[in-house]
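**Q** This is query34.txt (compact mmCIF, C-alpha atoms and all ligand atoms).
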```txt
# COMPACT_ATOMS: atom_id res chain seq x y z
CA MET A 1 33.50 7.97 -29.72
CA THR A 2 34.16 11.24 -31.46
CA SER A 3 36.77 12.71 -29.22
CA GLY A 4 39.68 13.27 -31.54
CA ASN A 5 39.69 17.02 -31.26
CA ARG A 6 38.95 17.40 -27.61
CA ASP A 7 42.20 17.46 -25.81
CA GLY A 8 44.88 19.08 -27.83
CA GLY A 9 46.30 19.22 -31.28
CA GLY A 10 45.63 21.84 -33.89
CA THR A 11 42.92 24.40 -33.98
CA GLY A 12 41.73 23.19 -37.36
CA ARG A 13 38.03 22.79 -37.86
CA GLY A 14 36.98 19.23 -37.39
CA LYS A 15 34.67 17.56 -39.80
CA GLY A 16 31.97 15.11 -38.91
CA GLY A 17 29.32 14.58 -36.31
CA ALA A 18 27.94 11.82 -34.15
CA THR A 19 24.77 9.75 -34.41
CA VAL A 20 21.99 11.00 -32.15
CA GLU A 21 19.23 8.60 -31.25
CA PHE A 22 16.03 9.25 -29.31
CA ARG A 23 14.73 5.96 -27.91
CA ASN A 24 11.19 6.07 -26.49
CA VAL A 25 11.85 9.40 -24.82
CA THR A 26 9.06 10.77 -22.62
CA LYS A 27 9.02 13.90 -20.48
CA ARG A 28 6.34 14.81 -17.96
CA TYR A 29 6.88 18.01 -16.08
CA ASP A 30 4.10 17.14 -13.67
CA GLN A 31 4.84 13.61 -12.51
CA GLY A 32 1.43 13.13 -10.87
CA GLN A 33 -0.62 14.02 -13.93
CA LYS A 34 -2.15 11.36 -16.10
CA GLY A 35 -2.56 13.57 -19.18
CA PRO A 36 -0.16 13.72 -22.09
CA GLY A 37 3.40 14.68 -21.29
CA ALA A 38 5.38 17.47 -22.88
CA VAL A 39 7.18 14.82 -24.94
CA ASN A 40 5.65 11.45 -25.58
CA ASP A 41 7.52 8.28 -26.56
CA LEU A 42 9.74 10.02 -29.06
CA SER A 43 11.93 7.73 -31.18
CA PHE A 44 14.08 8.66 -34.15
CA THR A 45 17.70 8.51 -35.24
CA VAL A 46 19.72 11.30 -36.80
CA PRO A 47 22.71 9.91 -38.72
CA ALA A 48 26.09 11.54 -38.16
CA GLY A 49 26.59 14.73 -40.11
CA LYS A 50 22.92 15.35 -40.88
CA VAL A 51 20.63 18.24 -40.02
CA CYS A 52 17.39 17.15 -38.37
CA VAL A 53 14.79 19.86 -37.93
CA LEU A 54 12.20 19.49 -35.17
CA VAL A 55 9.18 21.44 -36.31
CA GLY A 56 5.67 21.87 -34.96
CA PRO A 57 3.30 24.35 -33.34
CA SER A 58 4.13 26.19 -30.15
CA GLY A 59 4.07 23.96 -27.09
CA CYS A 60 4.54 20.66 -28.97
CA GLY A 61 7.71 19.85 -27.03
CA LYS A 62 10.51 20.95 -29.38
CA THR A 63 12.56 22.86 -26.83
CA THR A 64 12.02 20.18 -24.23
CA SER A 65 13.29 17.53 -26.66
CA LEU A 66 16.38 19.56 -27.46
CA LYS A 67 17.24 20.28 -23.84
CA MET A 68 17.13 16.61 -22.97
CA VAL A 69 20.06 16.04 -25.34
CA ASN A 70 22.44 18.21 -23.33
CA ARG A 71 20.61 17.42 -20.09
CA LEU A 72 19.32 20.85 -19.27
CA ILE A 73 16.21 18.71 -18.76
CA GLU A 74 16.21 15.04 -17.73
CA PRO A 75 13.78 12.67 -19.46
CA THR A 76 11.10 10.95 -17.38
CA SER A 77 11.78 7.75 -19.29
CA GLY A 78 13.58 6.55 -22.37
CA GLN A 79 17.10 7.21 -23.57
CA ILE A 80 19.06 9.56 -25.75
CA LEU A 81 22.21 8.08 -27.23
CA ILE A 82 25.11 9.88 -28.86
CA ASP A 83 27.17 7.46 -30.91
CA GLY A 84 25.43 4.71 -29.00
CA GLN A 85 26.27 6.08 -25.57
CA ASP A 86 23.43 7.06 -23.21
CA VAL A 87 23.83 10.74 -22.30
CA THR A 88 22.60 10.15 -18.75
CA GLY A 89 25.63 7.93 -18.14
CA GLU A 90 27.99 10.78 -18.89
CA ASP A 91 29.35 13.59 -16.75
CA VAL A 92 27.25 16.66 -17.59
CA THR A 93 30.20 18.99 -18.10
CA THR A 94 31.99 16.58 -20.41
CA LEU A 95 28.77 15.97 -22.28
CA ARG A 96 28.10 19.68 -22.85
CA ARG A 97 31.57 20.26 -24.23
CA ARG A 98 30.69 17.87 -27.00
CA ILE A 99 27.44 19.66 -27.75
CA GLY A 100 27.24 23.18 -29.12
CA TYR A 101 24.09 25.07 -28.11
CA VAL A 102 22.63 28.04 -29.94
CA ILE A 103 19.43 29.74 -28.84
CA GLN A 104 17.42 32.74 -29.93
CA GLN A 105 18.59 35.95 -28.23
CA ILE A 106 21.77 34.01 -27.70
CA GLY A 107 22.66 35.57 -24.41
CA LEU A 108 26.19 36.72 -25.13
CA PHE A 109 27.93 37.98 -22.01
CA PRO A 110 27.49 41.75 -22.26
CA HIS A 111 30.66 42.65 -20.35
CA LEU A 112 32.88 40.43 -22.51
CA THR A 113 34.12 41.34 -25.97
CA ILE A 114 33.06 39.28 -28.96
CA GLY A 115 36.45 37.57 -28.97
CA GLN A 116 36.15 36.73 -25.28
CA ASN A 117 32.60 35.47 -25.72
CA ILE A 118 33.72 33.05 -28.39
CA GLY A 119 36.62 31.99 -26.18
CA VAL A 120 34.51 31.06 -23.17
CA VAL A 121 34.56 27.31 -23.71
CA PRO A 122 38.17 27.09 -24.94
CA ARG A 123 39.17 29.01 -21.79
CA LEU A 124 37.28 26.51 -19.64
CA LEU A 125 39.10 23.77 -21.50
CA GLY A 126 42.39 25.34 -20.50
CA TRP A 127 43.59 26.28 -23.95
CA THR A 128 46.53 28.67 -24.09
CA GLN A 129 45.81 32.36 -24.75
CA ALA A 130 47.41 32.09 -28.15
CA ARG A 131 45.30 29.15 -29.15
CA GLN A 132 42.10 30.78 -27.84
CA LEU A 133 42.84 33.88 -29.86
CA GLU A 134 43.64 31.94 -32.98
CA ARG A 135 40.41 29.96 -32.65
CA SER A 136 38.33 33.11 -32.10
CA GLU A 137 39.74 34.74 -35.21
CA GLU A 138 39.22 31.63 -37.25
CA LEU A 139 35.61 31.29 -36.11
CA LEU A 140 34.76 34.94 -36.69
CA ALA A 141 35.99 34.56 -40.25
CA THR A 142 34.05 31.31 -40.57
CA VAL A 143 30.75 32.99 -39.70
CA GLY A 144 31.48 35.93 -41.97
CA LEU A 145 32.59 38.58 -39.45
CA GLU A 146 35.92 40.24 -40.17
CA PRO A 147 38.02 39.41 -37.08
CA ALA A 148 39.87 42.74 -36.90
CA ARG A 149 36.60 44.66 -36.94
CA TYR A 150 34.62 42.56 -34.51
CA ARG A 151 36.79 40.82 -31.93
CA ASP A 152 37.14 43.82 -29.58
CA ARG A 153 33.58 45.07 -29.79
CA TYR A 154 30.89 44.40 -27.20
CA PRO A 155 27.63 42.55 -27.95
CA THR A 156 25.47 45.71 -27.73
CA GLN A 157 27.50 47.22 -30.57
CA LEU A 158 26.35 44.49 -32.95
CA SER A 159 23.15 44.05 -34.95
CA GLY A 160 20.82 41.14 -34.24
CA GLY A 161 22.12 39.20 -37.22
CA GLU A 162 25.74 39.78 -36.20
CA ARG A 163 25.04 38.65 -32.65
CA GLN A 164 23.40 35.51 -33.99
CA ARG A 165 26.53 34.78 -36.01
CA VAL A 166 28.63 35.20 -32.90
CA GLY A 167 26.33 32.75 -31.13
CA VAL A 168 27.00 30.18 -33.84
CA ALA A 169 30.75 30.87 -33.64
CA ARG A 170 30.71 30.43 -29.86
CA ALA A 171 28.84 27.13 -30.13
CA LEU A 172 31.43 25.90 -32.64
CA ALA A 173 34.41 26.96 -30.53
CA ALA A 174 35.32 23.59 -29.06
CA ASP A 175 34.46 21.86 -32.32
CA PRO A 176 31.60 19.76 -30.96
CA PRO A 177 30.29 16.86 -33.07
CA VAL A 178 26.70 17.76 -32.13
CA MET A 179 24.96 21.13 -32.30
CA LEU A 180 21.59 22.01 -30.81
CA MET A 181 19.95 25.09 -32.29
CA ASP A 182 16.68 26.37 -30.84
CA GLU A 183 15.02 28.85 -33.22
CA PRO A 184 18.48 30.31 -33.83
CA PHE A 185 17.36 32.74 -36.52
CA GLY A 186 13.94 33.50 -35.08
CA ALA A 187 14.71 37.01 -33.84
CA VAL A 188 16.11 38.56 -37.02
CA ASP A 189 14.22 40.07 -39.93
CA PRO A 190 13.36 37.88 -42.94
CA ILE A 191 16.17 39.10 -45.20
CA VAL A 192 18.90 38.65 -42.62
CA ARG A 193 17.35 35.34 -41.71
CA ASP A 194 17.52 34.09 -45.26
CA ARG A 195 21.17 35.10 -45.45
CA LEU A 196 22.01 33.44 -42.13
CA GLN A 197 20.27 30.27 -43.27
CA ASN A 198 22.27 30.21 -46.50
CA GLU A 199 25.54 30.89 -44.73
CA PHE A 200 24.74 28.20 -42.25
CA LEU A 201 23.98 25.64 -44.95
CA ARG A 202 27.25 26.47 -46.69
CA LEU A 203 29.14 26.13 -43.41
CA GLN A 204 27.46 22.84 -42.65
CA GLN A 205 28.57 21.42 -46.00
CA GLU A 206 32.10 21.95 -44.79
CA LEU A 207 31.68 20.98 -41.13
CA ALA A 208 29.16 18.14 -41.41
CA LYS A 209 28.11 18.38 -37.76
CA THR A 210 25.08 16.50 -36.50
CA ILE A 211 22.55 19.23 -35.93
CA LEU A 212 19.21 19.23 -34.16
CA PHE A 213 17.49 22.40 -35.24
CA VAL A 214 14.21 23.64 -33.78
CA THR A 215 11.78 25.90 -35.59
CA HIS A 216 8.03 26.48 -35.76
CA ASP A 217 8.38 27.58 -39.39
CA ILE A 218 7.74 24.82 -41.92
CA ASP A 219 9.54 26.72 -44.69
CA GLU A 220 12.67 26.94 -42.59
CA ALA A 221 12.35 23.23 -41.78
CA ILE A 222 12.11 22.32 -45.46
CA LYS A 223 15.04 24.51 -46.34
CA MET A 224 17.39 23.49 -43.55
CA GLY A 225 16.61 19.85 -42.88
CA ASP A 226 18.12 16.71 -44.32
CA LEU A 227 15.46 15.15 -42.14
CA VAL A 228 12.40 16.70 -40.57
CA ALA A 229 10.61 15.56 -37.43
CA VAL A 230 7.10 17.00 -37.42
CA MET A 231 5.71 17.10 -33.87
CA GLU A 232 2.21 17.78 -32.63
CA VAL A 233 0.97 19.03 -29.31
CA GLY A 234 1.41 16.40 -26.66
CA GLY A 235 4.98 15.86 -27.85
CA VAL A 236 4.01 13.20 -30.36
CA LEU A 237 6.06 12.53 -33.47
CA ALA A 238 3.70 12.96 -36.42
CA GLN A 239 6.24 12.20 -39.17
CA PHE A 240 9.97 11.71 -39.51
CA ALA A 241 11.21 11.84 -43.09
CA THR A 242 13.04 13.90 -45.68
CA PRO A 243 11.45 17.22 -46.63
CA ALA A 244 10.59 15.87 -50.10
CA GLU A 245 8.85 12.86 -48.61
CA ILE A 246 6.88 14.95 -46.13
CA LEU A 247 5.69 17.29 -48.86
CA ALA A 248 4.87 14.47 -51.28
CA ASN A 249 3.27 12.12 -48.74
CA PRO A 250 2.19 13.77 -45.49
CA ALA A 251 1.58 10.98 -42.98
CA SER A 252 -1.64 12.43 -41.55
CA ASP A 253 -4.15 15.24 -41.87
CA PHE A 254 -2.27 17.07 -39.18
CA VAL A 255 0.96 16.99 -41.20
CA ALA A 256 -0.86 17.92 -44.41
CA ARG A 257 -2.44 20.93 -42.69
CA PHE A 258 0.81 21.89 -41.05
CA VAL A 259 2.83 21.86 -44.27
CA GLY A 260 0.09 23.86 -45.97
CA ALA A 261 -2.11 23.66 -49.02
CA ASP A 262 0.73 24.98 -51.17
CA ARG A 263 2.91 21.97 -50.55
CA GLY A 264 3.25 21.40 -54.29
CA LEU A 265 4.78 24.85 -54.65
CA LYS A 266 6.94 24.27 -51.62
CA ARG A 267 8.24 21.13 -53.19
CA LEU A 268 9.46 23.20 -56.11
CA SER A 269 11.94 24.78 -53.74
CA LEU A 270 13.52 21.35 -53.30
CA SER A 271 14.10 20.74 -57.01
CA ARG A 272 16.61 22.50 -59.16
CA VAL A 273 16.86 23.34 -62.80
CA ARG A 274 19.54 20.67 -63.19
CA ASP A 275 16.96 18.02 -62.21
CA LEU A 276 15.00 18.73 -65.37
CA GLU A 277 15.64 17.58 -68.88
CA LEU A 278 16.20 20.96 -70.51
CA ARG A 279 14.48 21.94 -73.68
CA PRO A 280 17.10 22.59 -76.40
CA ALA A 281 17.16 26.24 -77.45
CA VAL A 282 16.96 27.05 -81.15
CA THR A 283 19.74 29.62 -81.49
CA ALA A 284 21.28 31.79 -84.17
CA ARG A 285 23.80 34.60 -84.30
CA SER A 286 23.15 38.14 -85.22
CA GLY A 287 24.10 38.52 -88.91
CA ASP A 288 23.32 34.87 -89.76
CA PRO A 289 21.25 34.24 -92.92
CA ALA A 290 17.60 34.68 -91.87
CA ALA A 291 16.01 32.09 -94.16
CA GLU A 292 17.83 29.16 -92.62
CA ALA A 293 17.10 30.32 -89.06
CA ARG A 294 13.46 30.91 -89.96
CA GLN A 295 13.15 27.33 -91.18
CA ARG A 296 14.59 25.98 -87.99
CA ILE A 297 12.40 28.00 -85.64
CA LEU A 298 9.21 27.26 -87.61
CA ALA A 299 10.02 23.57 -87.30
CA ASP A 300 10.23 23.88 -83.49
CA SER A 301 7.13 24.01 -81.32
CA PHE A 302 8.57 26.87 -79.26
CA PRO A 303 7.97 30.11 -81.18
CA TYR A 304 11.04 32.14 -80.23
CA LEU A 305 14.50 32.07 -81.72
CA LEU A 306 17.30 32.86 -79.30
CA LEU A 307 19.97 35.19 -80.59
CA VAL A 308 23.41 34.46 -79.14
CA ASP A 309 26.83 36.08 -79.41
CA PRO A 310 29.90 34.29 -80.84
CA GLU A 311 30.52 32.75 -77.38
CA ASP A 312 26.97 31.32 -77.28
CA ARG A 313 25.89 33.87 -74.68
CA PRO A 314 22.26 34.97 -75.05
CA ILE A 315 21.42 38.39 -76.49
CA GLY A 316 17.62 38.30 -76.86
CA TRP A 317 14.63 36.59 -78.45
CA LEU A 318 13.22 36.89 -81.95
CA ASP A 319 9.56 36.04 -82.35
CA GLN A 320 9.36 33.54 -85.21
CA ALA A 321 6.88 35.86 -86.94
CA ASP A 322 9.56 38.55 -86.99
CA VAL A 323 12.24 36.39 -88.57
CA PRO A 324 12.35 37.49 -92.20
CA GLY A 325 12.39 35.04 -95.09
CA GLU A 326 15.53 36.61 -96.51
CA GLY A 327 18.44 38.82 -95.57
CA ARG A 328 20.26 38.63 -92.26
CA LEU A 329 19.15 38.39 -88.63
CA GLU A 330 19.18 41.74 -86.85
CA GLU A 331 19.99 42.12 -83.22
CA ALA A 332 18.00 45.36 -83.13
CA ARG A 333 14.72 43.46 -83.43
CA ALA A 334 15.38 41.21 -80.46
CA ILE A 335 12.96 41.13 -77.54
CA PRO A 336 14.73 41.80 -74.23
CA MET A 337 15.97 38.77 -72.47
CA SER A 338 14.05 36.31 -70.36
CA PRO A 339 15.45 35.57 -66.94
CA LEU A 340 18.75 33.74 -66.90
CA VAL A 341 18.93 30.84 -64.51
CA GLU A 342 21.67 28.43 -63.57
CA PRO A 343 21.50 24.68 -63.04
CA GLU A 344 21.52 25.37 -59.28
CA THR A 345 18.47 27.67 -59.37
CA THR A 346 15.47 26.16 -57.57
CA LEU A 347 12.35 25.56 -59.62
CA LYS A 348 10.46 27.81 -57.24
CA ASP A 349 12.79 30.72 -58.00
CA ALA A 350 12.75 29.93 -61.71
CA LEU A 351 8.96 29.96 -61.69
CA SER A 352 8.67 33.26 -59.89
CA MET A 353 11.16 34.84 -62.31
CA LEU A 354 9.18 33.53 -65.25
CA LEU A 355 5.84 34.83 -64.08
CA ASP A 356 6.61 38.38 -65.16
CA ALA A 357 8.85 37.65 -68.15
CA SER A 358 7.65 38.57 -71.63
CA VAL A 359 8.79 35.24 -73.07
CA GLN A 360 7.89 32.50 -70.64
CA ALA A 361 11.04 30.45 -70.90
CA ALA A 362 14.03 30.83 -68.65
CA ILE A 363 17.40 30.57 -70.35
CA VAL A 364 19.68 28.17 -68.53
CA VAL A 365 23.32 29.27 -68.67
CA ASP A 366 26.57 27.90 -67.33
CA LYS A 367 29.12 29.85 -65.28
CA GLY A 368 30.40 31.49 -68.45
CA ARG A 369 26.83 32.58 -69.36
CA ARG A 370 26.76 30.16 -72.29
CA VAL A 371 23.34 28.78 -73.19
CA LEU A 372 22.61 25.26 -71.95
CA GLY A 373 18.91 25.12 -72.79
CA LEU A 374 15.49 26.38 -71.80
CA VAL A 375 13.04 25.84 -68.97
CA THR A 376 9.41 26.68 -69.66
CA VAL A 377 6.53 27.27 -67.26
CA ASP A 378 4.95 24.07 -68.56
CA MET A 379 8.02 22.05 -67.63
CA ILE A 380 7.86 23.42 -64.11
CA SER A 381 4.15 22.90 -63.67
CA ALA A 382 4.61 19.28 -64.74
CA GLN A 383 6.72 18.95 -61.59
CA LEU A 384 3.73 19.89 -59.47
CA HIS A 385 2.20 16.51 -60.30
CA PRO A 386 4.85 14.01 -59.28
CA GLU A 387 2.34 11.15 -59.37
CA ALA A 388 2.55 11.40 -63.12
CA ARG A 389 6.35 11.69 -63.21
CA PRO A 390 7.81 10.03 -60.12
CA GLU A 391 11.23 9.63 -61.72
CA VAL A 392 12.02 13.33 -61.67
CA LEU A 393 11.30 14.45 -58.13
CA ALA A 394 11.60 11.30 -56.10
CA PRO A 395 14.31 9.07 -57.54
CA ASP A 396 14.26 6.82 -54.47
CA ALA A 397 10.54 6.22 -54.70
CA ALA A 398 10.84 5.55 -58.40
CA ALA A 399 13.61 3.04 -57.82
CA GLU A 400 11.52 1.35 -55.17
CA ALA A 401 8.51 1.20 -57.46
CA ALA A 402 10.63 -0.31 -60.19
CA ALA A 403 12.13 -2.96 -57.89
N1 LIG A 501 9.54 24.01 -16.99
C1 LIG A 501 8.32 23.61 -17.34
N2 LIG A 501 7.40 23.26 -16.41
C2 LIG A 501 6.17 22.84 -16.78
N3 LIG A 501 5.76 22.74 -18.04
C3 LIG A 501 6.61 23.10 -19.02
C4 LIG A 501 7.93 23.56 -18.72
N4 LIG A 501 8.56 23.83 -19.88
C5 LIG A 501 7.67 23.56 -20.87
N5 LIG A 501 6.51 23.12 -20.35
C6 LIG A 501 5.31 22.70 -21.12
O1 LIG A 501 5.70 21.61 -21.94
C7 LIG A 501 5.11 21.70 -23.22
C8 LIG A 501 6.20 21.73 -24.28
O2 LIG A 501 6.94 22.93 -24.14
P1 LIG A 501 8.17 23.28 -25.08
O3 LIG A 501 9.07 22.11 -25.12
O4 LIG A 501 8.75 24.57 -24.61
O5 LIG A 501 7.46 23.46 -26.48
P2 LIG A 501 7.94 24.18 -27.83
O6 LIG A 501 9.39 24.45 -27.73
O7 LIG A 501 7.57 23.21 -28.90
O8 LIG A 501 7.12 25.42 -27.95
C9 LIG A 501 4.24 22.94 -23.19
O9 LIG A 501 2.94 22.56 -22.90
C10 LIG A 501 4.84 23.77 -22.08
O10 LIG A 501 3.86 24.58 -21.48
MG MG A 502 10.50 26.26 -27.89
```
Let me see the file written as structure tokens.
Ligand SMILES: Nc1ncnc2c1ncn2[C@@H]1O[C@H](COP(=O)(O)OP(=O)(O)O)[C@@H](O)[C@H]1O
Ligand SMILES: [Mg+2]
**A**
Amino acid sequence: MTSGNRDGGGTGRGKGGATVEFRNVTKRYDQGQKGPGAVNDLSFTVPAGKVCVLVGPSGCGKTTSLKMVNRLIEPTSGQILIDGQDVTGEDVTTLRRRIGYVIQQIGLFPHLTIGQNIGVVPRLLGWTQARQLERSEELLATVGLEPARYRDRYPTQLSGGERQRVGVARALAADPPVMLMDEPFGAVDPIVRDRLQNEFLRLQQELAKTILFVTHDIDEAIKMGDLVAVMEVGGVLAQFATPAEILANPASDFVARFVGADRGLKRLSLSRVRDLELRPAVTARSGDPAAEARQRILADSFPYLLLVDPEDRPIGWLDQADVPGEGRLEEARAIPMSPLVEPETTLKDALSMLLDASVQAAIVVDKGRRVLGLVTVDMISAQLHPEARPEVLAPDAAAEAAA
């Protein structure tokens, strides 16, 4: 049992989640009916510390599935186990203290300040005032809201994105091993949403909670999930796998349609520049003898010489045709720079940056902006056909194939 942080001791943020298992879970709202239930024989296991996204069209039973975990809804049959323990065997109040719950339009109490809203569960748990306050401040900072500015405000004084952050902070207050999140970022505009998603992923790296996350948006599912459960109407599990696996091998026509015809492109968002074998850049410094540099760039199949400064930081390109046979290289002739990318950049982002660059190679740089190598459009498009190169995008599959 994960109970270490429940009844005392420091206010420090706990790390780690609990295993959540659905075992043949079925829910029928209308007991008499013979038709398909809202949720139908759902079985899957989310390992401790992982994010599992339930995704599917409206009405496919996502919310129902989530609410059976904290028993806002009771299953008709089957079991849900947290660290092996059936939730129906547990006292509901105790159970819910171990499960954070975040919903869209989070329903903060309007007459309580932000600090008090976050302190609701700790207060119920009988924490001292001082400890409640300390925890509120810590959590506000955790979700990126400056405590001094926010703790005494009221929910209506906050933007949608800020309220959503408070909702996450409140759900984390008692440090639950399991979090349920039902379309948590559904009500905010796309830019705020992207930021909240990124913040949340960063936070999760630290906290490693077990998270069941509901969305109807396949892109959000791919971005947020370690595992994705694709559901179809009738509450049937269509596929349960990693995002990469679902995009590479959709289990049915339904899944293929649901993930979209651009699943190759989507898969690029799962790979990063560091997953590629970079093309070495042919570089030279401004003022170097031109003849030698010209020889080197003519010998390379890529037609642009990269000018770098004494620290190996890129300055610009020289078309090989413009590299003179004598004299010195001149910075003044350089073509403005291609996009700079880092090893962490996704291939999808690298591709979109390259599409309107004058030289279609991204320059990969390290934290100090020193050149590591090049990524070309061709290298990225090769990734769109993993059948030909299974070793790059799906190391597990490649290992299996080799075994
Ligand atoms: N309280 C309820 N009573 C009867 N039917 C319900 C109730 N809640 C949801 N349903 C039905 O169960 C199905 C699944 O709903 P829901 O879990 O909310 O789906 P989702 O969250 O995927 O949109 C839908 O057909 C919905 O109409
Ligand atoms: Mg729903």
**Q** So that I can check the surroundings of Thr156 of chain A, please list as a short mmCIF file (atom, residue, chain, number, x, y, z; two decimals) with C-alpha atoms, keeping the file's coordinate frame every protein, DNA and RNA residue that reaches within 10 Å of it, counting only C-alpha atoms and ignoring chain neighbours fewer than 4 positions away.
**A**
```cif
data_model
loop_
_atom_site.label_atom_id
_atom_site.label_comp_id
_atom_site.auth_asym_id
_atom_site.auth_seq_id
_atom_site.Cartn_x
_atom_site.Cartn_y
_atom_site.Cartn_z
CA LEU A 108 26.19 36.72 -25.13
CA PHE A 109 27.93 37.98 -22.01
CA PRO A 110 27.49 41.75 -22.26
CA HIS A 111 30.66 42.65 -20.35
CA THR A 113 34.12 41.34 -25.97
CA GLY A 160 20.82 41.14 -34.24
CA ARG A 163 25.04 38.65 -32.65
#
```
**Q** Compute the set of protein, DNA and RNA residues whose minimum atom distance to ligand MG 502 (chain A) is at most 8 Å, using only C-alpha atoms and all ligand atoms, and state it as an MDAnalysis selection string.
**A** chainID A and resid 58:59 61:64 182:183 214:215
**Q** Quick one: everything within 10 Å of Arg151 of chain A, counting all atoms listed in the file, minus sequence neighbours fewer than 6 positions away in the same chain. Send it as a compact mmCIF listing (two decimals) with C-alpha atoms, in the frame of the given file.
**A**
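The resulting part_23.txt:
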```txt
# COMPACT_ATOMS: atom_id res chain seq x y z
CA THR A 113 34.12 41.34 -25.97
CA ILE A 114 33.06 39.28 -28.96
CA GLY A 115 36.45 37.57 -28.97
CA GLN A 116 36.15 36.73 -25.28
CA ASN A 117 32.60 35.47 -25.72
CA ILE A 118 33.72 33.05 -28.39
CA LEU A 133 42.84 33.88 -29.86
CA SER A 136 38.33 33.11 -32.10
CA GLU A 137 39.74 34.74 -35.21
CA LEU A 140 34.76 34.94 -36.69
CA LEU A 145 32.59 38.58 -39.45
CA VAL A 166 28.63 35.20 -32.90
```
**Q** Counting only C-alpha atoms and all ligand atoms, what are the residues, protein, DNA or RNA alike, that approach ligand LIG 501 (chain A) to within 12 Å? I want them as a PyMOL selection string.
**A** chain A and resi 26-31+33+35-40+54-68+72-75+103-104+181-183+213-217+229-237
**Q** For atom CA of Phe44 of chain A and atom CA of Val168 of chain A, determine how far apart the two atoms are, in Å to one decimal place.
**A**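 Calculated distance between atom CA of Phe44 of chain A and atom CA of Val168 of chain A is 25.1 Å.
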**Q** What separation in Å, quoted to one decimal, exists between atom CA of Glu199 of chain A and atom CA of Gly144 of chain A?
**A** 8.3 Å
**Q** Can you tell me, as a PyMOL selection string, what residues are no more than 8 Å from segment 368-378 of chain A when counting only C-alpha atoms, ignoring any on the same chain fewer than 5 positions away?
**A** chain A and resi 273+278-281+311-314+351+354+360-363
